[in-house]
Amino acid sequence: MRINKIKKKLKNGEPVFGTMIKEAKNINISELLEIAGFDYFVIDMEHASYDMSDIAGILQYARKTEISSVVRIPRLDYAYVAKALDMGAEGIWVPHLDTVEQAKDLVRFGKYPPEGIRGAAVPLFRTKEHQEFKQAADYFRAVNEETLLIAQIECAESIGNVEAITAVPGIDVAMMGTQDLSLDLGYPGQGTHPEMRAAIQKVVDACMKNGKSSGNHIANIDELRYWIGRGMRMITYSYETNMILDRGREVLKLLKA
């Protein structure tokens with residue numbers, strides 16, 4: 001049975017580091033990111049053009065490596081949650097998860113009974129894992145245990161509900177959506193504004209209180225270091241495209257000097 005390594009590390013209080021992809025469609029992108037040293041990658045289906053046929057190959061190739069895979073689905077919907085998991089995702093990241101009811105729905109959609117209502121599919125690439133278990137119930141229980149569920153907190157409503165959201169059994173991570181939060185609070189792009197930092201700190205504190213992990217997805221190294229120091233553990237740095245642009249500009253500047 002494949003172990004979800006980032007879920008295991010987070011449970012042990014260890015930090016994990018990843019990035020998000022929005023353009024790459026070659027299935028071996030996961031191996032490239034693994035070689036670079038990342039613990040996980042996130043496929044962005046919310047803002048990028050990926051469809052299920054695009055992500056299936058990437059996710060299943062990733063399962064042959066040591067890197068963990070997460071999919072940020074477009075919205076909270078049973079079809080997106082169950083389908084992405086059936087394609088091979090080890091984690092589901094839901095944008096704009098604002099209420100306790102939505103958090104409970106995410107768990108229902110992402111877990112097999114009795115914890116949830118996920119349909120009992122055994123994809124071809126998981127057949128060997130299924131055969132490791134004498135009882136089908138043990139297999140489905142093990143899959144539930146290895147599935148990582150992430151609530152993205154990115155508006156004033158979700159900040160107000162974050163303690164209750166992170167108390168929902170089955171929710172593993174509260175992930176900041178800093179840009180959208182800054183828009184909602186009236187401080188566009190001002191991630192270090194005192195009211196922004198106070199709101200984000202509420203998420204960190206709620207996670208600590210409820211034994212869950214908090215995280216952030218931004219491209220500012222200094223800010224990520226700041227929040228690691230405050231207790232964040234799931235650190236998603238930038239996008240693959242941004243890293244290529246940043247490194248390319250840096251190299252050209254050196255060459256032209």
# chains A, B, ... in the order shown; residues from 1 in each chain; ligands from 1

call {"tool": "closest_atom_pairs", "arguments": {"of": "region 134-187 of chain A", "to": "region 100-124 of chain A", "cutoff": "12 Å", "atoms": "only C-alpha atoms", "output": "Markdown table"}}
result
| residue | atom | partner | partner_atom | distance |
| --- | --- | --- | --- | --- |
| A:Ala136 | CA | A:Ala120 | CA | 9.8 |
| A:Ala137 | CA | A:Pro113 | CA | 9.3 |
| A:Asp138 | CA | A:Tyr112 | CA | 11.2 |
| A:Tyr139 | CA | A:Val122 | CA | 9.8 |
| A:Phe140 | CA | A:Tyr112 | CA | 6.4 |
| A:Arg141 | CA | A:Tyr112 | CA | 7.5 |
| A:Ala142 | CA | A:Tyr112 | CA | 10.0 |
| A:Val143 | CA | A:Tyr112 | CA | 8.2 |
| A:Asn144 | CA | A:Lys111 | CA | 5.4 |
| A:Glu145 | CA | A:Lys111 | CA | 8.8 |
| A:Glu146 | CA | A:Lys111 | CA | 10.1 |
| A:Thr147 | CA | A:Gly110 | CA | 7.6 |
| A:Leu148 | CA | A:Gly110 | CA | 8.8 |
| A:Leu149 | CA | A:Val107 | CA | 7.4 |
| A:Ile150 | CA | A:Leu106 | CA | 8.8 |
| A:Ala151 | CA | A:Ala103 | CA | 7.2 |
| A:Gln152 | CA | A:Ala103 | CA | 10.2 |
| A:Ile153 | CA | A:Ala103 | CA | 11.1 |
| A:Glu157 | CA | A:Val100 | CA | 10.8 |
| A:Ser158 | CA | A:Val100 | CA | 9.0 |
| A:Ile159 | CA | A:Val100 | CA | 11.5 |
| A:Gly160 | CA | A:Val100 | CA | 10.7 |
| A:Asn161 | CA | A:Val100 | CA | 7.1 |
| A:Val162 | CA | A:Val100 | CA | 8.3 |
| A:Glu163 | CA | A:Val100 | CA | 9.3 |
| A:Ala164 | CA | A:Val100 | CA | 6.2 |
| A:Ile165 | CA | A:Val100 | CA | 4.9 |
| A:Thr166 | CA | A:Ala103 | CA | 8.3 |
| A:Ala167 | CA | A:Val100 | CA | 8.8 |
| A:Val168 | CA | A:Lys104 | CA | 6.6 |
| A:Pro169 | CA | A:Val107 | CA | 7.9 |
| A:Gly170 | CA | A:Val107 | CA | 5.7 |
| A:Ile171 | CA | A:Val107 | CA | 6.8 |
| A:Asp172 | CA | A:Val107 | CA | 9.9 |
| A:Val173 | CA | A:Ala103 | CA | 11.0 |
| A:Ala174 | CA | A:Ala103 | CA | 10.5 |

call {"tool": "select_by_dssp", "arguments": {"residues": "region 12-228 of chain A", "states": "alpha helix (DSSP H)", "output": "PyMOL selection string"}}
result
chain A and resi 29-36+52-62+78-87+100-110+127-131+136-146+156-166+178-185+194-210+221-228

call {"tool": "closest_residue", "arguments": {"among": "A:Ile235, A:Ile67, A:Ile29, A:Ala198", "to": "Leu185 (chain A)", "atoms": "only C-alpha atoms"}}
result
A:Ala198

call {"tool": "residues_around", "arguments": {"residues": "Ser68 (chain A)", "least_positions_apart": "6", "cutoff": "8 Å", "atoms": "only C-alpha atoms", "output": "list of chain:residue names"}}
result
A:Asn4, A:Lys5, A:Ile6, A:Asp39, A:Tyr40, A:Phe41, A:Ala62, A:Glu90

call {"tool": "atom_distance", "arguments": {"atom1": "CA of Glu34 (chain A)", "atom2": "CA of Thr65 (chain A)"}}
result
7.6 Å

call {"tool": "select_by_dssp", "arguments": {"residues": "region 13-250 of chain A", "states": "strand (DSSP E)", "output": "VMD selection string"}}
result
chain A and resid 16 to 21 40 to 44 68 to 72 91 to 94 148 to 153 173 to 176 213 to 218 234 to 239

call {"tool": "closest_residue", "arguments": {"among": "A:Val71, A:Met232, A:Ile43, A:Ile55", "to": "Asp205 (chain A)", "atoms": "only C-alpha atoms"}}
result
A:Met232

call {"tool": "residues_around", "arguments": {"residues": "region 216-224 of chain A", "least_positions_apart": "6", "cutoff": "12 Å", "atoms": "only C-alpha atoms", "output": "PyMOL selection string"}}
result
chain A and resi 15-21+41-42+44+72+93+95+150-154+173-181+189-193+197+200-201+203-204+230-243+246
